[in-house]
>>> print(open('final_11.cif').read())   # mmCIF, C-alpha atoms
data_final
loop_
_atom_site.label_atom_id
_atom_site.label_comp_id
_atom_site.auth_asym_id
_atom_site.auth_seq_id
_atom_site.Cartn_x
_atom_site.Cartn_y
_atom_site.Cartn_z
CA MET A 1 -22.21 12.94 -12.65
CA CYS A 2 -24.09 15.34 -10.45
CA ALA A 3 -27.82 15.15 -11.32
CA ILE A 4 -28.32 18.86 -10.62
CA CYS A 5 -25.33 20.57 -12.23
CA TYR A 6 -24.16 17.81 -14.61
CA GLU A 7 -20.67 18.13 -13.20
CA LEU A 8 -18.52 15.07 -13.86
CA ALA A 9 -17.42 13.73 -10.48
CA PRO A 10 -13.90 12.30 -10.20
CA GLU A 11 -13.21 8.87 -8.78
CA ASP A 12 -12.74 8.77 -5.02
CA HIS A 13 -9.10 9.39 -4.18
CA TRP A 14 -7.39 8.19 -1.03
CA SER A 15 -6.36 11.75 -0.18
CA ASP A 16 -10.01 12.75 0.21
CA ALA A 17 -10.85 10.03 2.70
CA VAL A 18 -9.52 11.58 5.87
CA SER A 19 -11.02 15.06 5.73
CA ALA A 20 -14.31 13.68 4.39
CA ASP A 21 -14.50 11.31 7.32
CA ALA A 22 -13.90 14.14 9.76
CA GLY A 23 -17.61 14.81 9.81
CA ALA A 24 -18.78 18.39 10.08
CA SER A 25 -19.27 20.33 6.86
CA GLY A 26 -17.09 23.12 8.23
CA ALA A 27 -14.19 20.69 8.42
CA THR A 28 -14.59 19.86 4.73
CA VAL A 29 -14.58 23.52 3.74
CA ARG A 30 -11.49 24.18 5.83
CA ALA A 31 -9.73 21.14 4.37
CA ARG A 32 -10.52 22.32 0.85
CA ALA A 33 -9.20 25.81 1.54
CA ARG A 34 -6.08 24.37 3.14
CA ARG A 35 -5.41 22.12 0.15
CA ALA A 36 -5.78 25.03 -2.27
CA ARG A 37 -3.35 27.06 -0.17
CA ILE A 38 -0.76 24.26 -0.18
CA LEU A 39 -1.14 23.71 -3.92
CA THR A 40 -0.71 27.44 -4.47
CA ALA A 41 2.61 27.32 -2.59
CA VAL A 42 3.79 24.22 -4.46
CA LEU A 43 2.86 25.40 -7.96
CA ALA A 44 3.95 29.05 -7.60
CA PRO A 45 7.65 28.24 -8.32
CA TYR A 46 6.46 26.77 -11.62
CA GLY A 47 4.68 29.96 -12.60
CA LEU A 48 1.23 28.51 -11.99
CA THR A 49 -1.70 29.76 -9.96
CA VAL A 50 -4.48 27.84 -8.25
CA SER A 51 -7.99 29.16 -7.75
CA ASP A 52 -10.91 27.52 -6.06
CA PRO A 53 -14.37 28.52 -7.35
CA GLY A 54 -15.81 27.28 -4.07
CA SER A 55 -18.40 24.95 -5.57
CA GLY A 56 -18.17 21.43 -6.90
CA ARG A 57 -14.91 19.59 -6.51
CA HIS A 58 -12.89 21.49 -9.05
CA LEU A 59 -9.87 23.76 -9.01
CA THR A 60 -8.51 25.93 -11.81
CA ILE A 61 -4.80 25.72 -12.59
CA ALA A 62 -3.50 28.56 -14.79
CA ASP A 63 -0.21 29.85 -16.12
CA ARG A 64 0.86 33.50 -16.49
CA LYS A 65 -0.07 33.62 -20.16
CA GLY A 66 -3.70 32.85 -19.48
CA ALA A 67 -3.81 29.17 -20.30
CA ALA A 68 -5.91 27.33 -17.73
CA GLU A 69 -7.32 23.93 -16.96
CA VAL A 70 -10.20 22.97 -14.68
CA VAL A 71 -9.38 19.81 -12.74
CA ALA A 72 -10.76 17.65 -9.95
CA GLY A 73 -8.62 15.56 -7.64
CA LEU A 74 -4.90 15.60 -6.97
CA PRO A 75 -3.86 13.28 -9.82
CA ALA A 76 -5.57 15.60 -12.32
CA VAL A 77 -3.90 18.61 -10.67
CA TRP A 78 -0.43 17.14 -11.32
CA GLU A 79 -1.27 16.17 -14.89
CA ALA A 80 -2.55 19.67 -15.67
CA ALA A 81 0.38 21.31 -13.90
CA ASN A 82 2.83 19.31 -15.97
CA ARG A 83 1.07 20.33 -19.16
CA LEU A 84 1.06 24.01 -18.22
CA SER A 85 4.51 24.24 -16.65
CA PRO A 86 7.66 24.60 -18.75
CA ARG A 87 9.43 22.10 -16.46
CA PRO A 88 8.16 18.99 -14.66
CA VAL A 89 6.55 19.51 -11.27
CA ASP A 90 8.65 17.36 -8.96
CA VAL A 91 8.42 16.80 -5.23
CA LEU A 92 12.23 16.46 -5.18
CA ASP A 93 12.93 19.58 -7.28
CA PRO A 94 15.58 21.56 -5.31
CA ARG A 95 14.21 24.85 -6.68
CA LEU A 96 10.77 23.99 -5.34
CA LEU A 97 12.21 23.02 -1.95
CA ASP A 98 14.29 26.23 -1.81
CA ALA A 99 11.14 28.25 -2.52
CA LEU A 100 9.18 26.44 0.21
CA ASP A 101 12.05 26.88 2.69
CA ASP A 102 12.28 30.61 1.85
CA ALA A 103 8.54 31.02 2.34
CA GLU A 104 8.71 29.28 5.72
CA ARG A 105 11.53 31.56 6.91
CA ARG A 106 9.60 34.70 5.96
CA MET B 107 0.99 -14.79 12.87
CA SER B 108 -1.89 -13.05 11.24
CA LEU B 109 -2.31 -15.08 8.07
CA LEU B 110 -5.89 -16.12 8.59
CA SER B 111 -6.91 -13.61 11.22
CA PRO B 112 -5.62 -10.32 9.92
CA THR B 113 -6.75 -8.25 12.84
CA GLU B 114 -5.09 -10.45 15.46
CA ALA B 115 -1.53 -9.40 15.03
CA VAL B 116 -1.90 -6.01 13.43
CA PRO B 117 -0.55 -3.30 15.69
CA HIS B 118 -3.08 -0.86 14.34
CA ALA B 119 -5.99 -3.28 14.54
CA GLY B 120 -9.42 -1.92 15.11
CA THR B 121 -10.14 -0.07 11.92
CA ALA B 122 -13.58 1.37 11.51
CA SER B 123 -14.45 0.29 7.97
CA GLY B 124 -16.44 -2.94 8.54
CA ARG B 125 -15.39 -4.38 5.17
CA ARG B 126 -14.25 -7.96 4.63
CA THR B 127 -10.53 -8.26 5.17
CA VAL B 128 -8.35 -9.59 2.37
CA THR B 129 -5.01 -11.24 3.01
CA LEU B 130 -2.72 -11.69 0.04
CA LEU B 131 -0.54 -14.77 0.39
CA SER B 132 2.29 -14.26 -2.05
CA GLY B 133 5.75 -15.73 -2.57
CA PHE B 134 7.93 -17.04 -5.36
CA LEU B 135 7.31 -20.34 -7.15
CA GLY B 136 7.57 -23.33 -4.82
CA SER B 137 8.21 -21.27 -1.71
CA GLY B 138 5.60 -23.07 0.40
CA LYS B 139 2.48 -20.93 0.14
CA THR B 140 0.03 -23.80 -0.13
CA THR B 141 1.71 -25.83 2.61
CA LEU B 142 1.45 -22.88 4.92
CA LEU B 143 -2.17 -22.21 4.02
CA ARG B 144 -3.12 -25.86 4.46
CA ALA B 145 -1.56 -25.89 7.91
CA ARG B 146 -3.46 -22.75 8.87
CA LEU B 147 -6.77 -24.02 7.53
CA SER B 148 -6.35 -27.29 9.36
CA GLU B 149 -6.13 -25.48 12.68
CA GLY B 150 -9.92 -25.54 12.61
CA ARG B 151 -10.80 -22.02 13.57
CA THR B 152 -14.50 -21.41 14.05
CA VAL B 153 -14.80 -19.05 11.09
CA ALA B 154 -12.61 -20.13 8.19
CA PRO B 155 -11.73 -17.59 5.51
CA ALA B 156 -12.85 -17.86 1.93
CA VAL B 157 -9.90 -18.92 -0.23
CA ILE B 158 -9.14 -17.74 -3.75
CA LEU B 159 -6.42 -19.71 -5.44
CA ASN B 160 -4.51 -18.30 -8.40
CA ASP B 161 -2.05 -20.37 -10.38
CA PHE B 162 0.02 -19.67 -13.46
CA GLY B 163 -0.74 -23.11 -14.87
CA ALA B 164 -4.10 -24.08 -16.32
CA THR B 165 -4.30 -27.31 -14.31
CA LEU B 166 -4.41 -27.13 -10.56
CA VAL B 167 -3.84 -29.60 -7.77
CA ASP B 168 -3.80 -27.16 -4.87
CA ASP B 169 -7.56 -26.69 -5.00
CA VAL B 170 -7.97 -30.32 -3.98
CA LEU B 171 -5.50 -29.86 -1.14
CA LEU B 172 -7.16 -26.72 0.18
CA GLY B 173 -10.85 -27.40 -0.29
CA THR B 174 -13.60 -28.40 2.05
CA GLU B 175 -17.08 -29.44 1.06
CA GLU B 176 -18.65 -26.36 2.58
CA ARG B 177 -16.06 -23.88 1.40
CA PRO B 178 -14.35 -24.99 -1.79
CA PRO B 179 -11.60 -22.61 -2.90
CA VAL B 180 -12.35 -20.33 -5.80
CA VAL B 181 -9.90 -21.00 -8.59
CA VAL B 182 -8.37 -18.42 -10.93
CA SER B 183 -5.97 -20.37 -13.13
CA GLY B 184 -4.07 -20.10 -16.38
CA GLY B 185 -2.27 -16.86 -15.61
CA CYS B 186 -1.38 -14.37 -12.91
CA ALA B 187 -4.02 -12.45 -10.97
CA CYS B 188 -1.84 -9.36 -11.33
CA CYS B 189 -2.07 -9.24 -15.12
CA THR B 190 -3.78 -11.70 -17.49
CA ARG B 191 -6.27 -12.95 -14.87
CA ARG B 192 -6.89 -9.64 -13.12
CA ASP B 193 -10.48 -9.34 -14.34
CA GLU B 194 -11.16 -12.89 -13.27
CA LEU B 195 -9.87 -12.16 -9.79
CA ALA B 196 -12.26 -9.21 -9.57
CA ARG B 197 -15.09 -11.45 -10.78
CA ALA B 198 -14.17 -14.12 -8.24
CA LEU B 199 -14.36 -11.61 -5.40
CA ALA B 200 -17.69 -10.29 -6.71
CA ASN B 201 -19.03 -13.83 -7.05
CA LEU B 202 -18.11 -14.54 -3.43
CA LEU B 203 -20.39 -11.69 -2.41
CA ASP B 204 -23.17 -13.00 -4.64
CA ASP B 205 -22.84 -16.54 -3.31
CA GLU B 206 -22.99 -15.34 0.27
CA GLN B 207 -26.03 -13.17 -0.38
CA GLN B 208 -27.80 -16.02 -2.22
CA GLY B 209 -27.04 -18.41 0.63
CA ARG B 210 -24.90 -20.68 -1.53
CA ARG B 211 -21.93 -20.10 0.71
CA PRO B 212 -21.54 -19.20 4.40
CA ARG B 213 -20.46 -15.64 5.03
CA SER B 214 -16.73 -15.10 5.55
CA ASP B 215 -15.44 -11.89 7.06
CA SER B 216 -12.01 -12.65 5.69
CA VAL B 217 -10.61 -13.80 2.36
CA VAL B 218 -7.20 -15.26 1.62
CA ILE B 219 -5.94 -14.90 -1.94
CA GLU B 220 -3.07 -17.25 -2.66
CA THR B 221 -1.40 -15.68 -5.67
CA SER B 222 0.65 -17.44 -8.29
CA GLY B 223 4.38 -17.55 -7.64
CA LEU B 224 4.97 -15.06 -10.43
CA SER B 225 2.39 -12.48 -9.35
CA ASP B 226 3.27 -8.95 -8.34
CA PRO B 227 1.15 -7.99 -5.29
CA GLY B 228 0.93 -4.34 -6.38
CA PRO B 229 -1.60 -4.68 -9.20
CA ILE B 230 -3.68 -7.11 -7.13
CA ALA B 231 -3.82 -4.55 -4.36
CA PHE B 232 -4.82 -1.99 -7.01
CA THR B 233 -7.70 -4.21 -8.14
CA ILE B 234 -9.08 -4.44 -4.62
CA ALA B 235 -8.61 -0.74 -3.89
CA GLN B 236 -9.93 0.68 -7.15
CA ASP B 237 -12.72 -1.60 -8.36
CA PRO B 238 -15.92 0.46 -8.02
CA VAL B 239 -17.81 -2.40 -6.34
CA LEU B 240 -15.12 -4.35 -4.55
CA LYS B 241 -13.61 -1.38 -2.75
CA HIS B 242 -16.82 -0.99 -0.75
CA HIS B 243 -16.83 -4.62 0.38
CA TYR B 244 -13.17 -5.59 0.73
CA ALA B 245 -10.16 -4.02 2.42
CA LEU B 246 -6.64 -5.30 1.98
CA ALA B 247 -5.50 -6.18 5.48
CA ARG B 248 -2.13 -7.90 5.11
CA ILE B 249 0.31 -9.03 2.47
CA CYS B 250 2.03 -12.21 3.66
CA VAL B 251 5.00 -13.37 1.60
CA THR B 252 6.80 -16.70 1.80
CA VAL B 253 10.57 -16.87 1.29
CA ASP B 254 12.08 -20.31 0.83
CA ALA B 255 15.00 -20.86 3.23
CA VAL B 256 16.68 -23.11 0.67
CA THR B 257 16.29 -21.13 -2.55
CA GLY B 258 14.79 -17.82 -1.45
CA ALA B 259 18.00 -15.77 -1.38
CA GLU B 260 18.87 -16.87 -4.90
CA ALA B 261 15.35 -16.09 -6.13
CA LEU B 262 15.55 -12.63 -4.59
CA ARG B 263 18.84 -11.99 -6.36
CA ARG B 264 17.73 -13.29 -9.73
CA TYR B 265 14.06 -12.47 -10.08
CA GLU B 266 12.66 -8.98 -9.93
CA VAL B 267 9.18 -10.24 -9.08
CA ALA B 268 10.49 -12.12 -6.02
CA MET B 269 11.98 -8.88 -4.75
CA ARG B 270 8.76 -6.99 -5.46
CA GLN B 271 6.82 -9.57 -3.48
CA LEU B 272 9.16 -9.28 -0.51
CA LEU B 273 9.18 -5.48 -0.47
CA ALA B 274 5.37 -5.41 -0.53
CA ALA B 275 5.09 -7.70 2.52
CA ASP B 276 3.59 -6.90 5.89
CA ASP B 277 4.56 -10.36 7.13
CA VAL B 278 7.39 -12.46 5.76
CA LEU B 279 7.35 -16.20 6.38
CA VAL B 280 10.70 -17.91 5.93
CA THR B 281 9.69 -21.46 5.03
CA LYS B 282 11.47 -24.85 5.02
CA ALA B 283 13.71 -23.77 7.89
CA ASP B 284 14.19 -27.42 8.81
CA LEU B 285 16.06 -28.03 5.55
CA VAL B 286 19.03 -25.71 6.08
CA PRO B 287 21.37 -25.04 9.02
CA PRO B 288 20.05 -22.55 11.60
CA ALA B 289 22.90 -20.13 10.88
CA GLU B 290 21.80 -19.85 7.25
CA VAL B 291 18.20 -19.28 8.30
CA GLU B 292 19.38 -16.57 10.67
CA GLN B 293 21.42 -14.89 7.93
CA LEU B 294 18.41 -14.95 5.60
CA VAL B 295 16.16 -13.49 8.30
CA ARG B 296 18.60 -10.62 8.89
CA TRP B 297 18.79 -9.92 5.18
CA VAL B 298 15.02 -9.96 4.85
CA GLN B 299 14.78 -7.53 7.76
CA ARG B 300 17.27 -5.25 6.07
CA LEU B 301 15.32 -5.39 2.83
CA ASN B 302 11.94 -4.74 4.40
CA PRO B 303 12.25 -3.47 7.96
CA SER B 304 8.55 -2.66 8.15
CA ALA B 305 7.60 -6.36 7.92
CA SER B 306 7.45 -8.93 10.71
CA VAL B 307 9.40 -12.11 10.00
CA ALA B 308 8.35 -15.61 11.04
CA VAL B 309 10.47 -18.72 10.61
CA THR B 310 8.43 -21.80 9.68
CA ALA B 311 8.83 -25.48 8.87
CA ASN B 312 6.06 -27.64 7.39
CA GLY B 313 3.60 -24.83 7.92
CA THR B 314 4.38 -24.51 11.63
CA VAL B 315 5.74 -21.23 12.99
CA LEU B 316 8.97 -21.85 14.91
CA HIS B 317 9.58 -18.29 16.00
CA GLU B 318 8.62 -14.74 15.05
CA GLU B 319 10.35 -11.40 15.05
CA PRO B 320 8.59 -8.02 15.05
CA PRO B 321 9.26 -5.40 12.36
CA ALA B 322 12.84 -4.16 12.57
CA SER B 323 11.83 -0.72 11.27
CA SER B 324 14.58 1.81 10.77
CA SER B 325 15.72 5.02 12.34
CA ALA B 326 17.28 6.43 9.18
CA ALA B 327 17.70 5.73 5.53
CA ARG B 328 19.94 2.80 4.81
CA PRO B 329 20.89 0.71 1.82
CA VAL B 330 20.12 -2.99 1.90
CA SER B 331 22.96 -4.44 -0.18
CA GLU B 332 24.81 -6.16 2.59
CA LEU B 333 25.26 -9.52 0.91
CA GLY B 334 27.66 -8.51 -1.83
CA ASP B 335 26.78 -7.33 -5.30
CA GLU B 336 23.06 -7.83 -5.60
CA THR B 337 22.16 -5.72 -8.58
CA HIS B 338 18.47 -5.89 -7.74
CA THR B 339 18.82 -4.60 -4.22
CA SER B 340 21.75 -2.22 -4.38
CA ALA B 341 19.55 0.81 -4.99
CA VAL B 342 16.77 -0.16 -2.56
CA GLU B 343 16.67 1.96 0.56
CA THR B 344 14.31 2.38 3.46
CA LEU B 345 13.48 5.75 4.94
CA GLU B 346 11.53 6.32 8.11
CA LEU B 347 9.97 9.75 8.41
CA SER B 348 8.65 10.76 11.78
CA THR B 349 7.31 13.78 13.56
CA ASP B 350 6.04 14.34 17.07
CA ARG B 351 3.71 17.17 16.09
CA PRO B 352 0.15 16.47 14.89
CA LEU B 353 0.37 16.09 11.14
CA ASP B 354 -1.32 18.33 8.59
CA TRP B 355 -3.23 15.79 6.47
CA GLN B 356 -3.59 18.09 3.46
CA ALA B 357 0.16 18.78 3.37
CA LEU B 358 0.92 15.07 3.67
CA ALA B 359 -1.65 14.16 1.00
CA VAL B 360 -0.33 16.74 -1.46
CA TRP B 361 3.26 15.63 -0.82
CA LEU B 362 2.61 11.90 -1.08
CA SER B 363 0.38 12.17 -4.13
CA LEU B 364 3.01 14.25 -5.97
CA LEU B 365 5.74 11.83 -4.91
CA LEU B 366 3.76 8.90 -6.31
CA HIS B 367 2.71 10.81 -9.42
CA ARG B 368 6.30 11.72 -10.27
CA HIS B 369 8.25 8.79 -8.82
CA GLY B 370 5.63 6.05 -8.38
CA PRO B 371 7.63 3.23 -10.00
CA ASP B 372 10.52 3.92 -7.62
CA VAL B 373 8.39 3.90 -4.47
CA LEU B 374 7.97 0.23 -3.62
CA ARG B 375 6.15 0.50 -0.32
CA VAL B 376 4.55 3.15 1.87
CA LYS B 377 3.30 2.30 5.31
CA GLY B 378 2.61 4.40 8.34
CA VAL B 379 0.55 5.32 11.35
CA LEU B 380 -0.06 9.05 11.50
CA GLN B 381 -1.44 11.33 14.18
CA VAL B 382 -3.50 13.66 12.02
CA HIS B 383 -4.32 17.09 13.38
CA GLY B 384 -8.01 17.35 14.24
CA VAL B 385 -8.71 13.76 13.23
CA GLY B 386 -6.61 11.37 15.33
CA PRO B 387 -4.65 8.27 14.39
CA VAL B 388 -4.85 7.14 10.77
CA ALA B 389 -3.17 4.18 9.06
CA VAL B 390 -1.74 4.72 5.57
CA HIS B 391 -0.86 1.75 3.45
CA GLY B 392 0.45 1.71 -0.12
CA VAL B 393 2.01 -0.81 -2.46
CA GLN B 394 3.96 0.77 -5.29
CA HIS B 395 1.80 3.58 -6.71
CA VAL B 396 -1.42 2.26 -5.14
CA VAL B 397 -2.47 3.87 -1.86
CA HIS B 398 -5.40 2.31 -0.09
CA ARG B 399 -8.12 4.34 1.52
CA PRO B 400 -6.62 5.48 4.84
CA GLU B 401 -8.21 3.94 7.90
CA HIS B 402 -9.13 5.72 11.09
CA LEU B 403 -7.79 3.72 14.00
CA THR B 404 -9.81 3.03 17.10
CA GLY B 405 -7.28 1.04 19.11
CA PRO B 406 -4.32 2.36 21.10
CA VAL B 407 -1.40 3.55 18.98
CA PRO B 408 2.02 4.99 19.90
CA PRO B 409 2.27 8.79 19.99
CA GLY B 410 3.61 10.71 17.01
CA SER B 411 3.60 9.87 13.32
CA ARG B 412 5.82 7.38 11.52
CA LEU B 413 5.88 6.79 7.78
CA VAL B 414 8.13 4.09 6.32
CA ILE B 415 9.02 4.34 2.63
CA ILE B 416 10.88 1.60 0.77
CA MET B 417 12.24 3.05 -2.44
CA ARG B 418 14.61 2.42 -5.27
CA GLY B 419 17.08 4.99 -6.59
CA LEU B 420 15.69 8.04 -4.77
CA ASP B 421 17.85 10.28 -2.59
CA PRO B 422 16.63 9.74 1.00
CA ALA B 423 18.08 13.02 2.26
CA LEU B 424 16.30 14.96 -0.47
CA LEU B 425 13.10 13.03 0.19
CA GLU B 426 13.21 13.84 3.90
CA ARG B 427 13.93 17.49 3.13
CA SER B 428 10.94 17.50 0.79
CA PHE B 429 8.69 15.90 3.44
CA ARG B 430 9.68 18.55 6.01
CA ALA B 431 9.31 21.39 3.51
CA PHE B 432 5.76 20.37 2.57
CA LEU B 433 4.74 19.94 6.21
CA GLY B 434 6.16 23.43 6.87
CA ILE B 435 3.90 25.16 4.34
CA ASP B 436 1.96 27.83 6.20
#
>>> encode(input="final_11.cif", output="structure tokens")
Amino acid sequence: MCAICYELAPEDHWSDAVSADAGASGATVRARARRARILTAVLAPYGLTVSDPGSGRHLTIADRKGAAEVVAGLPAVWEAANRLSPRPVDVLDPRLLDALDDAERR
Amino acid sequence: MSLLSPTEAVPHAGTASGRRTVTLLSGFLGSGKTTLLRARLSEGRTVAPAVILNDFGATLVDDVLLGTEERPPVVVSGGCACCTRRDELARALANLLDDEQQGRRPRSDSVVIETSGLSDPGPIAFTIAQDPVLKHHYALARICVTVDAVTGAEALRRYEVAMRQLLAADDVLVTKADLVPPAEVEQLVRWVQRLNPSASVAVTANGTVLHEEPPASSSAARPVSELGDETHTSAVETLELSTDRPLDWQALAVWLSLLLHRHGPDVLRVKGVLQVHGVGPVAVHGVQHVVHRPEHLTGPVPPGSRLVIIMRGLDPALLERSFRAFLGID
């Protein structure tokens, strides 16, 4: 827990090791923004949005009806997304892959 | 062979972590793990590793065979270090640190854990990677797995855990090669390479390495059921994903974490050396759903990125399409 803001810190995750090791604080900010952008693209086909408050380690995952969860770390993102989405978020979902391919062509 | 000196034979040696290296010595019951370890320990290297010995039975004899007065093996008995004795394994590793700091034991920069013949390496790797104390002091370097030349093929066909051990291996040691005709050893080696092309294979007899073969790797997805109707292996496939362009770490991390979150039980092994954009070469290493902290590499590595995935029941074409689609996110 953060002693200043009482925010519960998630366990270290392997996915955070590389950008964190990159050094400069600017690199960390860029990595965070890039991750939010990728998650936005991945969760959009499931009707979910991703927003980054810009402080702490948390992201907000929300559906179109206003339900939202605040999460930290990729495992928590997928758990929240599966609770909020009407269908399972799957890396092999053809509809997800079609959406990503369409976005790349545009 | 890198059994007791994990950084010697690792192509991506030279990681920057500074933690003690852990080598898991696994293999099915009676496949020659202790014989091999005894032979290696008797080579009399200047700095011997600490040895942790795990056995399914409550009464051990191997500790007598492996011990020295200065460095007796630490014993975790009466169950497997992957399940019932998992906490004890963590305690044993923590106690090693304590003993070294208190001067009761000389410092070892490497540890060999000889697992019981029924242990699954995945949960043991998880223990080392996730324990809040241990993960700062130990890094899993290699998983070495023994396969008995006499009974190994049958064990792989019949026992799920034997297959799990093999698929988790970085180095496979085919043991007791002096007890069967060379042609049978050769056939077993080829099968092992088909099952786990990311592992090196060494042929041994009485703990002595006769010859070694580098990882076969693979250029495309391929099934491994070449020896008839093995129900355990028929759905196992290996996929090598590669790209020449510097890799977007965030895209790879999101993709791999979702793959493991959704299909973790079907992903048996992940292993790769990646050229990460803005960072440089990074080694990624996972056993089943456990991914270890990626390591920045300081030594020379081949150009481009290669990620080998050994999986069960997943469509390799769809997986490759997914990999490319995630890397293509703008």
>>> resolve_selection(input="final_11.cif", expression="the PyMOL selection byres ((chain B) within 10 of (chain A))", output="NGL selection string")
:B and (235-236 or 238 or 354-369 or 382 or 384-386 or 388 or 390 or 396-402 or 420-421 or 424-436)
>>> resolve_selection(input="final_11.cif", expression="the PyMOL selection byres ((chain A and resi 49-52) around 6)", output="count of residues only")
8
>>> closest_residue(input="final_11.cif", among="B:Ile219, B:Ile415, B:Leu135, B:Leu345", to="Ala261 in chain B", atoms="only C-alpha atoms")
B:Leu135
>>> atom_distance(input="final_11.cif", atom1="CA of Ala200 in chain B", atom2="CA of Pro212 in chain B")
14.8 Å
>>> closest_residue(input="final_11.cif", among="A:Tyr46, A:Gly73, A:Arg64, A:Arg30", to="Ser85 in chain A", atoms="only C-alpha atoms")
A:Tyr46
>>> atom_distance(input="final_11.cif", atom1="CA of Leu294 in chain B", atom2="CA of Thr141 in chain B")
20.2 Å
>>> residues_around(input="final_11.cif", residues="Val295 in chain B", least_positions_apart="4", cutoff="8 Å", atoms="only C-alpha atoms", output="PyMOL selection string")
chain B and resi 280+291+299+307
>>> decode(input="final_11.cif", residues="range 367-384 of chain B", atoms="N, CA and C atoms", output="PDB file, in the first residue's frame")
ATOM      1  N   HIS B 367      -4.008 -15.923 -19.806  1.00  0.00           N
ATOM      2  CA  HIS B 367      -5.197 -15.789 -18.962  1.00  0.00           C
ATOM      3  C   HIS B 367      -6.325 -16.675 -19.488  1.00  0.00           C
ATOM      4  N   ARG B 368      -6.471 -16.699 -20.800  1.00  0.00           N
ATOM      5  CA  ARG B 368      -7.594 -17.419 -21.411  1.00  0.00           C
ATOM      6  C   ARG B 368      -7.266 -18.897 -21.661  1.00  0.00           C
ATOM      7  N   HIS B 369      -6.018 -19.158 -22.079  1.00  0.00           N
ATOM      8  CA  HIS B 369      -5.665 -20.516 -22.512  1.00  0.00           C
ATOM      9  C   HIS B 369      -4.466 -21.073 -21.754  1.00  0.00           C
ATOM     10  N   GLY B 370      -4.203 -20.564 -20.557  1.00  0.00           N
ATOM     11  CA  GLY B 370      -3.007 -20.956 -19.809  1.00  0.00           C
ATOM     12  C   GLY B 370      -2.776 -22.454 -19.704  1.00  0.00           C
ATOM     13  N   PRO B 371      -3.799 -23.240 -19.355  1.00  0.00           N
ATOM     14  CA  PRO B 371      -3.557 -24.684 -19.218  1.00  0.00           C
ATOM     15  C   PRO B 371      -3.115 -25.360 -20.518  1.00  0.00           C
ATOM     16  N   ASP B 372      -3.422 -24.729 -21.659  1.00  0.00           N
ATOM     17  CA  ASP B 372      -3.059 -25.339 -22.941  1.00  0.00           C
ATOM     18  C   ASP B 372      -1.721 -24.834 -23.471  1.00  0.00           C
ATOM     19  N   VAL B 373      -1.134 -23.866 -22.794  1.00  0.00           N
ATOM     20  CA  VAL B 373       0.186 -23.371 -23.206  1.00  0.00           C
ATOM     21  C   VAL B 373       1.209 -24.018 -22.278  1.00  0.00           C
ATOM     22  N   LEU B 374       1.971 -24.953 -22.809  1.00  0.00           N
ATOM     23  CA  LEU B 374       2.856 -25.751 -21.965  1.00  0.00           C
ATOM     24  C   LEU B 374       4.212 -25.078 -21.772  1.00  0.00           C
ATOM     25  N   ARG B 375       4.625 -24.294 -22.736  1.00  0.00           N
ATOM     26  CA  ARG B 375       5.966 -23.708 -22.655  1.00  0.00           C
ATOM     27  C   ARG B 375       6.018 -22.467 -23.536  1.00  0.00           C
ATOM     28  N   VAL B 376       6.646 -21.429 -23.018  1.00  0.00           N
ATOM     29  CA  VAL B 376       6.908 -20.217 -23.797  1.00  0.00           C
ATOM     30  C   VAL B 376       8.366 -19.860 -23.588  1.00  0.00           C
ATOM     31  N   LYS B 377       9.054 -19.602 -24.671  1.00  0.00           N
ATOM     32  CA  LYS B 377      10.482 -19.338 -24.538  1.00  0.00           C
ATOM     33  C   LYS B 377      10.926 -18.496 -25.723  1.00  0.00           C
ATOM     34  N   GLY B 378      11.639 -17.431 -25.472  1.00  0.00           N
ATOM     35  CA  GLY B 378      12.050 -16.624 -26.603  1.00  0.00           C
ATOM     36  C   GLY B 378      13.105 -15.601 -26.273  1.00  0.00           C
ATOM     37  N   VAL B 379      13.767 -15.141 -27.311  1.00  0.00           N
ATOM     38  CA  VAL B 379      14.677 -14.009 -27.212  1.00  0.00           C
ATOM     39  C   VAL B 379      14.120 -12.942 -28.141  1.00  0.00           C
ATOM     40  N   LEU B 380      13.830 -11.781 -27.572  1.00  0.00           N
ATOM     41  CA  LEU B 380      13.119 -10.740 -28.307  1.00  0.00           C
ATOM     42  C   LEU B 380      13.978  -9.489 -28.411  1.00  0.00           C
ATOM     43  N   GLN B 381      13.936  -8.864 -29.573  1.00  0.00           N
ATOM     44  CA  GLN B 381      14.556  -7.550 -29.743  1.00  0.00           C
ATOM     45  C   GLN B 381      13.469  -6.519 -29.489  1.00  0.00           C
ATOM     46  N   VAL B 382      13.488  -5.928 -28.318  1.00  0.00           N
ATOM     47  CA  VAL B 382      12.414  -5.024 -27.926  1.00  0.00           C
ATOM     48  C   VAL B 382      12.771  -3.596 -28.319  1.00  0.00           C
ATOM     49  N   HIS B 383      11.833  -2.958 -28.987  1.00  0.00           N
ATOM     50  CA  HIS B 383      12.035  -1.587 -29.452  1.00  0.00           C
ATOM     51  C   HIS B 383      12.384  -0.655 -28.282  1.00  0.00           C
ATOM     52  N   GLY B 384      13.475   0.052 -28.408  1.00  0.00           N
ATOM     53  CA  GLY B 384      13.878   1.015 -27.394  1.00  0.00           C
ATOM     54  C   GLY B 384      14.531   0.420 -26.167  1.00  0.00           C
TER      55      GLY B 384
END
